[in-house]
file final_23.txt (compact mmCIF, C-alpha atoms)
# COMPACT_ATOMS: atom_id res chain seq x y z
CA MET A 263 72.25 -47.28 9.42
CA THR A 264 70.92 -43.78 10.15
CA ARG A 265 69.41 -42.79 13.49
CA GLY A 266 67.45 -40.03 15.14
CA GLY A 267 64.51 -39.72 12.76
CA PRO A 268 64.31 -37.95 9.39
CA GLN A 269 66.14 -34.69 8.74
CA ALA A 270 63.49 -33.84 6.13
CA VAL A 271 60.35 -35.22 4.52
CA LEU A 272 60.06 -34.96 0.73
CA PHE A 273 56.59 -35.20 -0.82
CA ASP A 274 55.55 -36.05 -4.34
CA MET A 275 52.52 -34.06 -5.52
CA ASP A 276 50.28 -35.71 -8.15
CA GLY A 277 48.47 -38.74 -6.78
CA LEU A 278 50.22 -38.46 -3.41
CA LEU A 279 49.14 -35.16 -1.86
CA ILE A 280 46.48 -34.22 -4.39
CA ASP A 281 43.94 -36.41 -6.19
CA SER A 282 45.02 -35.18 -9.61
CA GLU A 283 45.45 -38.35 -11.65
CA ARG A 284 41.75 -38.33 -12.56
CA VAL A 285 42.11 -34.67 -13.57
CA TRP A 286 45.12 -35.52 -15.73
CA LEU A 287 43.00 -38.24 -17.36
CA GLU A 288 40.36 -35.64 -18.29
CA VAL A 289 42.94 -33.26 -19.73
CA GLU A 290 44.84 -35.96 -21.59
CA SER A 291 41.56 -37.24 -23.09
CA GLU A 292 40.68 -33.74 -24.32
CA VAL A 293 44.09 -33.17 -25.87
CA MET A 294 44.08 -36.61 -27.44
CA ALA A 295 40.67 -35.91 -29.01
CA TRP A 296 42.10 -32.67 -30.44
CA LEU A 297 44.91 -34.77 -31.94
CA GLY A 298 42.32 -37.11 -33.47
CA GLY A 299 42.85 -40.07 -31.17
CA GLU A 300 41.33 -41.74 -28.13
CA TRP A 301 42.73 -41.95 -24.62
CA THR A 302 42.08 -44.64 -22.02
CA PRO A 303 43.17 -45.34 -18.44
CA ALA A 304 45.57 -47.93 -19.88
CA HIS A 305 47.31 -45.16 -21.82
CA GLN A 306 47.51 -43.03 -18.70
CA GLU A 307 49.16 -45.86 -16.78
CA ARG A 308 52.10 -45.63 -19.19
CA LEU A 309 52.74 -42.04 -18.06
CA VAL A 310 52.13 -42.04 -14.29
CA GLY A 311 54.99 -40.32 -12.51
CA GLY A 312 56.60 -39.24 -15.78
CA SER A 313 57.34 -35.91 -17.39
CA LEU A 314 55.23 -33.70 -19.66
CA ALA A 315 57.70 -34.18 -22.51
CA ILE A 316 57.30 -37.97 -22.34
CA ALA A 317 53.50 -37.61 -22.35
CA VAL A 318 53.58 -35.33 -25.39
CA ASP A 319 55.89 -37.65 -27.32
CA TYR A 320 53.68 -40.63 -26.49
CA MET A 321 50.51 -38.87 -27.68
CA LEU A 322 52.09 -37.81 -30.95
CA GLU A 323 53.45 -41.32 -31.50
CA LEU A 324 50.01 -42.87 -30.90
CA THR A 325 48.15 -40.51 -33.22
CA GLY A 326 50.77 -39.71 -35.82
CA ALA A 327 49.37 -36.17 -35.71
CA ASP A 328 51.37 -33.38 -37.33
CA ALA A 329 51.13 -31.05 -34.35
CA PRO A 330 53.98 -29.09 -32.76
CA PRO A 331 55.03 -30.71 -29.47
CA GLU A 332 55.06 -27.26 -27.87
CA GLU A 333 51.37 -26.78 -28.70
CA VAL A 334 50.43 -30.18 -27.31
CA GLY A 335 52.32 -29.42 -24.10
CA ARG A 336 50.72 -25.99 -23.83
CA ARG A 337 47.24 -27.46 -24.13
CA MET A 338 48.05 -29.99 -21.40
CA LEU A 339 49.34 -27.29 -19.06
CA ASP A 340 46.45 -24.94 -19.85
CA GLY A 341 43.89 -27.65 -19.07
CA MET A 342 45.50 -28.62 -15.78
CA ALA A 343 46.15 -25.03 -14.68
CA GLU A 344 42.51 -24.11 -15.33
CA ARG A 345 41.24 -27.01 -13.25
CA LEU A 346 43.71 -26.57 -10.40
CA ALA A 347 42.88 -22.88 -10.21
CA ALA A 348 39.26 -23.88 -9.56
CA SER A 349 39.87 -26.78 -7.17
CA VAL A 350 42.75 -28.75 -5.67
CA PRO A 351 41.39 -32.06 -4.34
CA MET A 352 43.51 -33.33 -1.44
CA MET A 353 44.21 -37.00 -0.82
CA PRO A 354 42.92 -38.50 2.46
CA GLY A 355 45.33 -37.92 5.32
CA ALA A 356 47.47 -35.35 3.47
CA LYS A 357 46.41 -32.26 5.43
CA ASP A 358 46.88 -33.88 8.82
CA LEU A 359 50.32 -35.26 7.96
CA LEU A 360 51.56 -31.94 6.58
CA ALA A 361 50.30 -30.09 9.65
CA GLU A 362 51.94 -32.57 12.03
CA ILE A 363 55.31 -32.38 10.28
CA ARG A 364 55.22 -28.59 10.20
CA GLU A 365 54.25 -28.37 13.89
CA ALA A 366 57.19 -30.63 14.78
CA GLY A 367 59.59 -28.35 12.91
CA VAL A 368 60.77 -31.02 10.47
CA PRO A 369 61.59 -29.42 7.08
CA ALA A 370 59.45 -30.57 4.16
CA ALA A 371 59.76 -30.15 0.41
CA LEU A 372 57.40 -30.64 -2.52
CA VAL A 373 59.18 -32.54 -5.32
CA SER A 374 57.13 -33.01 -8.49
CA SER A 375 57.50 -33.94 -12.14
CA SER A 376 54.85 -31.32 -12.92
CA HIS A 377 55.90 -27.92 -14.21
CA ARG A 378 56.22 -24.89 -11.91
CA ARG A 379 53.07 -23.47 -13.45
CA LEU A 380 51.08 -26.32 -11.87
CA LEU A 381 52.90 -26.30 -8.55
CA GLU A 382 51.94 -22.70 -7.81
CA PRO A 383 48.14 -23.16 -7.50
CA VAL A 384 48.72 -26.35 -5.49
CA LEU A 385 51.04 -24.54 -3.08
CA ASP A 386 48.44 -21.80 -2.71
CA ALA A 387 45.70 -24.35 -1.93
CA ILE A 388 47.71 -26.63 0.36
CA GLY A 389 49.51 -23.81 2.14
CA ARG A 390 53.01 -22.69 1.27
CA GLU A 391 53.87 -22.60 4.95
CA HIS A 392 54.08 -26.40 4.96
CA PHE A 393 57.11 -26.47 2.66
CA ALA A 394 60.61 -25.10 3.04
CA LEU A 395 61.02 -25.36 -0.73
CA SER A 396 59.67 -26.99 -3.87
CA VAL A 397 61.29 -28.53 -6.95
CA ALA A 398 59.36 -28.66 -10.24
CA GLY A 399 59.89 -30.95 -13.21
CA ASP A 400 60.93 -28.10 -15.49
CA GLU A 401 63.60 -26.98 -13.01
CA VAL A 402 65.83 -30.06 -13.27
CA ALA A 403 67.77 -31.53 -16.18
CA ARG A 404 66.47 -35.07 -15.57
CA THR A 405 63.06 -35.87 -14.09
CA LYS A 406 61.89 -38.95 -12.22
CA PRO A 407 62.81 -41.85 -12.34
CA ASP A 408 66.20 -40.12 -12.29
CA PRO A 409 67.27 -39.24 -8.71
CA GLU A 410 68.10 -35.62 -9.59
CA PRO A 411 64.86 -34.07 -8.25
CA TYR A 412 65.26 -35.66 -4.82
CA LEU A 413 69.01 -35.06 -4.65
CA THR A 414 68.33 -31.42 -5.54
CA ALA A 415 65.76 -31.04 -2.77
CA ALA A 416 68.00 -32.69 -0.17
CA ALA A 417 70.98 -30.54 -1.15
CA ARG A 418 68.94 -27.33 -0.98
CA LEU A 419 67.70 -28.34 2.47
CA GLY A 420 71.23 -29.17 3.59
CA ALA A 421 70.08 -32.70 4.44
CA ASP A 422 71.69 -36.10 3.94
CA PRO A 423 69.59 -37.98 1.33
CA GLY A 424 69.92 -41.10 3.47
CA ARG A 425 68.12 -39.28 6.28
CA CYS A 426 65.33 -37.92 4.11
CA VAL A 427 62.00 -39.72 3.89
CA VAL A 428 60.29 -39.63 0.50
CA LEU A 429 56.56 -40.31 0.12
CA GLU A 430 55.63 -41.42 -3.39
CA ASP A 431 52.66 -42.97 -5.20
CA SER A 432 54.23 -44.11 -8.51
CA PRO A 433 56.89 -46.65 -9.52
CA ASN A 434 58.81 -43.86 -11.29
CA GLY A 435 58.81 -41.75 -8.15
CA VAL A 436 59.84 -44.64 -5.93
CA ALA A 437 62.68 -45.45 -8.34
CA ALA A 438 63.88 -41.84 -8.18
CA ALA A 439 63.76 -41.76 -4.38
CA GLU A 440 65.55 -45.05 -3.95
CA ALA A 441 68.20 -44.13 -6.52
CA ALA A 442 68.82 -40.97 -4.50
CA GLY A 443 69.41 -43.11 -1.42
CA CYS A 444 66.36 -41.79 0.43
CA VAL A 445 64.20 -43.75 2.86
CA THR A 446 61.06 -44.48 0.85
CA VAL A 447 57.41 -44.86 1.79
CA ALA A 448 55.18 -45.89 -1.11
CA VAL A 449 51.47 -45.08 -1.18
CA PRO A 450 50.43 -46.81 -4.44
CA GLY A 451 47.95 -44.94 -6.59
CA VAL A 452 47.12 -45.81 -10.20
CA LEU A 453 49.86 -48.46 -10.41
CA PRO A 454 50.80 -51.13 -7.85
CA ILE A 455 54.11 -50.88 -6.02
CA PRO A 456 55.39 -54.15 -4.56
CA PRO A 457 57.18 -54.40 -1.23
CA ALA A 458 60.97 -54.46 -1.42
CA PRO A 459 63.89 -54.43 1.00
CA GLY A 460 64.14 -51.02 2.64
CA ARG A 461 60.78 -49.90 1.20
CA THR A 462 57.63 -49.38 3.25
CA VAL A 463 54.30 -49.71 1.44
CA VAL A 464 51.06 -48.37 2.93
CA ALA A 465 47.53 -48.08 1.56
CA SER A 466 46.92 -44.43 2.41
CA LEU A 467 48.50 -41.35 3.96
CA ARG A 468 46.04 -41.95 6.79
CA GLU A 469 48.41 -44.73 7.85
CA VAL A 470 51.37 -42.32 8.04
CA SER A 471 52.28 -40.05 10.95
CA LEU A 472 55.51 -38.47 12.12
CA ALA A 473 55.77 -41.26 14.69
CA THR A 474 55.44 -43.77 11.83
CA LEU A 475 58.27 -42.11 9.94
CA ARG A 476 60.51 -41.93 12.99
CA ALA A 477 59.91 -45.62 13.62
CA LEU A 478 61.03 -46.73 10.14
CA PRO A 479 63.79 -49.35 10.31
CA ALA A 480 66.33 -46.99 8.74
CA PHE A 481 66.07 -44.72 11.78
CA ALA A 482 65.99 -47.44 14.42
CA GLU A 483 68.51 -47.30 17.24
CA PRO A 484 70.89 -50.26 17.19
CA SER A 485 70.37 -52.93 19.80
CA PRO A 486 72.81 -52.64 22.70
CA GLY A 487 75.65 -55.11 22.64
CA PRO A 488 76.27 -57.69 25.32
CA VAL A 489 77.39 -56.37 28.67
CA ALA A 490 80.97 -57.39 29.43
call {"tool": "encode", "arguments": {"input": "final_23.txt", "output": "structure tokens"}}
result
Amino acid sequence: MTRGGPQAVLFDMDGLLIDSERVWLEVESEVMAWLGGEWTPAHQERLVGGSLAIAVDYMLELTGADAPPEEVGRRMLDGMAERLAASVPMMPGAKDLLAEIREAGVPAALVSSSHRRLLEPVLDAIGREHFALSVAGDEVARTKPDPEPYLTAAARLGADPGRCVVLEDSPNGVAAAEAAGCVTVAVPGVLPIPPAPGRTVVASLREVSLATLRALPAFAEPSPGPVA
């Protein structure tokens, strides 16, 4: 059991800090129409928390379109980058939590499956000062649900993964965090995330504060033993 509160807090981006899943749905629908198919929220649910490459492969499989995967991916990135450059909608409670963690001097990292090109406008909008570092999906060999992104962030921060708190909104992200051995707080978005041993599930970031994170069972002080 670890004690003393988190050494670092690791944040997912899409659907956790920013309300981008609806924006992804718009972009995916546009690209799918270009491919000659239709896109629904049910299709999007298959991709939540996954990589761009998986999304592209899925779209091409659904449509059977003879389009280069690189072109499909470029259109996805172009559509998202254009929208994020115009507006980055924050999730409720995100700004307050980031400010509190920064004020307390606890290192934070942004760990996303999105490409670096999409992280940059988000960092500009949220405030780069809130993060000691960021890890993008195109900067690791294996994306979520593999633990590599979170292990990479912890290593670069010099932190023990078991003393890092991860905040995630998707099953893929939660799987990555738990496989990395991190303390995990799930804030379900598009897909439900059930409670599980060692996992805390909340409805919104409004329910999360630094005091909440420090009080997680993984950081609890052990009960004193009997006095001889």
call {"tool": "atom_distance", "arguments": {"input": "final_23.txt", "atom1": "CA of Pro457 in chain A", "atom2": "CA of Asp274 in chain A"}}
result
18.7 Å
call {"tool": "residues_around", "arguments": {"input": "final_23.txt", "residues": "Gly443 in chain A", "least_positions_apart": "6", "cutoff": "12 Å", "atoms": "all atoms listed in the file", "output": "PyMOL selection string"}}
result
chain A and resi 263-264+408-410+412-413+416+421-428+436-437+460-461+480
call {"tool": "write_last_selection", "arguments": {"input": "final_23.txt", "atoms": "C-alpha atoms", "output": "short mmCIF file (atom, residue, chain, number, x, y, z; two decimals), keeping the file's coordinate frame"}}
result
data_model
loop_
_atom_site.label_atom_id
_atom_site.label_comp_id
_atom_site.auth_asym_id
_atom_site.auth_seq_id
_atom_site.Cartn_x
_atom_site.Cartn_y
_atom_site.Cartn_z
CA MET A 263 72.25 -47.28 9.42
CA THR A 264 70.92 -43.78 10.15
CA ASP A 408 66.20 -40.12 -12.29
CA PRO A 409 67.27 -39.24 -8.71
CA GLU A 410 68.10 -35.62 -9.59
CA TYR A 412 65.26 -35.66 -4.82
CA LEU A 413 69.01 -35.06 -4.65
CA ALA A 416 68.00 -32.69 -0.17
CA ALA A 421 70.08 -32.70 4.44
CA ASP A 422 71.69 -36.10 3.94
CA PRO A 423 69.59 -37.98 1.33
CA GLY A 424 69.92 -41.10 3.47
CA ARG A 425 68.12 -39.28 6.28
CA CYS A 426 65.33 -37.92 4.11
CA VAL A 427 62.00 -39.72 3.89
CA VAL A 428 60.29 -39.63 0.50
CA VAL A 436 59.84 -44.64 -5.93
CA ALA A 437 62.68 -45.45 -8.34
CA GLY A 460 64.14 -51.02 2.64
CA ARG A 461 60.78 -49.90 1.20
CA ALA A 480 66.33 -46.99 8.74
#
call {"tool": "residues_near_point", "arguments": {"input": "final_23.txt", "point": "(62.9, -38.9, -13.5)", "cutoff": "7 Å", "atoms": "all atoms listed in the file", "output": "NGL selection string"}}
result
:A and (312 or 404-409 or 434 or 438)
call {"tool": "residues_around", "arguments": {"input": "final_23.txt", "residues": "range 343-345 of chain A", "least_positions_apart": "3", "cutoff": "10 Å", "atoms": "all atoms listed in the file", "output": "compact mmCIF listing (two decimals) with C-alpha atoms, in the coordinates of the input"}}
result
# COMPACT_ATOMS: atom_id res chain seq x y z
CA SER A 282 45.02 -35.18 -9.61
CA VAL A 285 42.11 -34.67 -13.57
CA TRP A 286 45.12 -35.52 -15.73
CA VAL A 289 42.94 -33.26 -19.73
CA ARG A 337 47.24 -27.46 -24.13
CA MET A 338 48.05 -29.99 -21.40
CA LEU A 339 49.34 -27.29 -19.06
CA ASP A 340 46.45 -24.94 -19.85
CA ALA A 348 39.26 -23.88 -9.56
CA SER A 349 39.87 -26.78 -7.17
CA VAL A 350 42.75 -28.75 -5.67
CA ARG A 379 53.07 -23.47 -13.45
CA LEU A 380 51.08 -26.32 -11.87
CA LEU A 381 52.90 -26.30 -8.55
CA GLU A 382 51.94 -22.70 -7.81
CA PRO A 383 48.14 -23.16 -7.50
CA VAL A 384 48.72 -26.35 -5.49
call {"tool": "closest_residue", "arguments": {"input": "final_23.txt", "among": "A:Met275, A:Trp296, A:Ser432, A:Val470", "to": "Arg378 in chain A", "atoms": "only C-alpha atoms"}}
result
A:Met275
call {"tool": "atom_distance", "arguments": {"input": "final_23.txt", "atom1": "CA of Leu475 in chain A", "atom2": "CA of Phe273 in chain A"}}
result
12.9 Å
call {"tool": "axis_aligned_box", "arguments": {"input": "final_23.txt", "around": "range 295-308 of chain A", "padding_each_side": "4 Å", "output": "lines of an AutoDock Vina configuration file"}}
result
center_x = 46.4
center_y = -40.3
center_z = -25.1
size_x = 19.4
size_y = 23.3
size_z = 24.7
call {"tool": "atom_distance", "arguments": {"input": "final_23.txt", "atom1": "CA of Asp400 in chain A", "atom2": "CA of His377 in chain A"}}
result
5.2 Å
call {"tool": "closest_residue", "arguments": {"input": "final_23.txt", "among": "A:Glu440, A:Ser375, A:Gly298, A:Ile363", "to": "Ala394 in chain A", "atoms": "all atoms listed in the file"}}
result
A:Ile363
call {"tool": "closest_residue", "arguments": {"input": "final_23.txt", "among": "A:Ala295, A:Val464, A:Ala347, A:Met352", "to": "Ala327 in chain A", "atoms": "all atoms listed in the file"}}
result
A:Ala295
call {"tool": "residues_around", "arguments": {"input": "final_23.txt", "residues": "Tyr320 in chain A", "least_positions_apart": "5", "cutoff": "10 Å", "atoms": "all atoms listed in the file", "output": "list in words"}}
result
His305, Arg308, Leu309, Leu314, Ala315, Thr325 and Gly326 of chain A
call {"tool": "closest_residue", "arguments": {"input": "final_23.txt", "among": "A:Ile388, A:Leu324, A:Val334, A:Val445", "to": "Leu279 in chain A", "atoms": "only C-alpha atoms"}}
result
A:Ile388
call {"tool": "closest_residue", "arguments": {"input": "final_23.txt", "among": "A:Val271, A:Leu278, A:Gly399, A:Ala477", "to": "Ala371 in chain A", "atoms": "all atoms listed in the file"}}
result
A:Val271
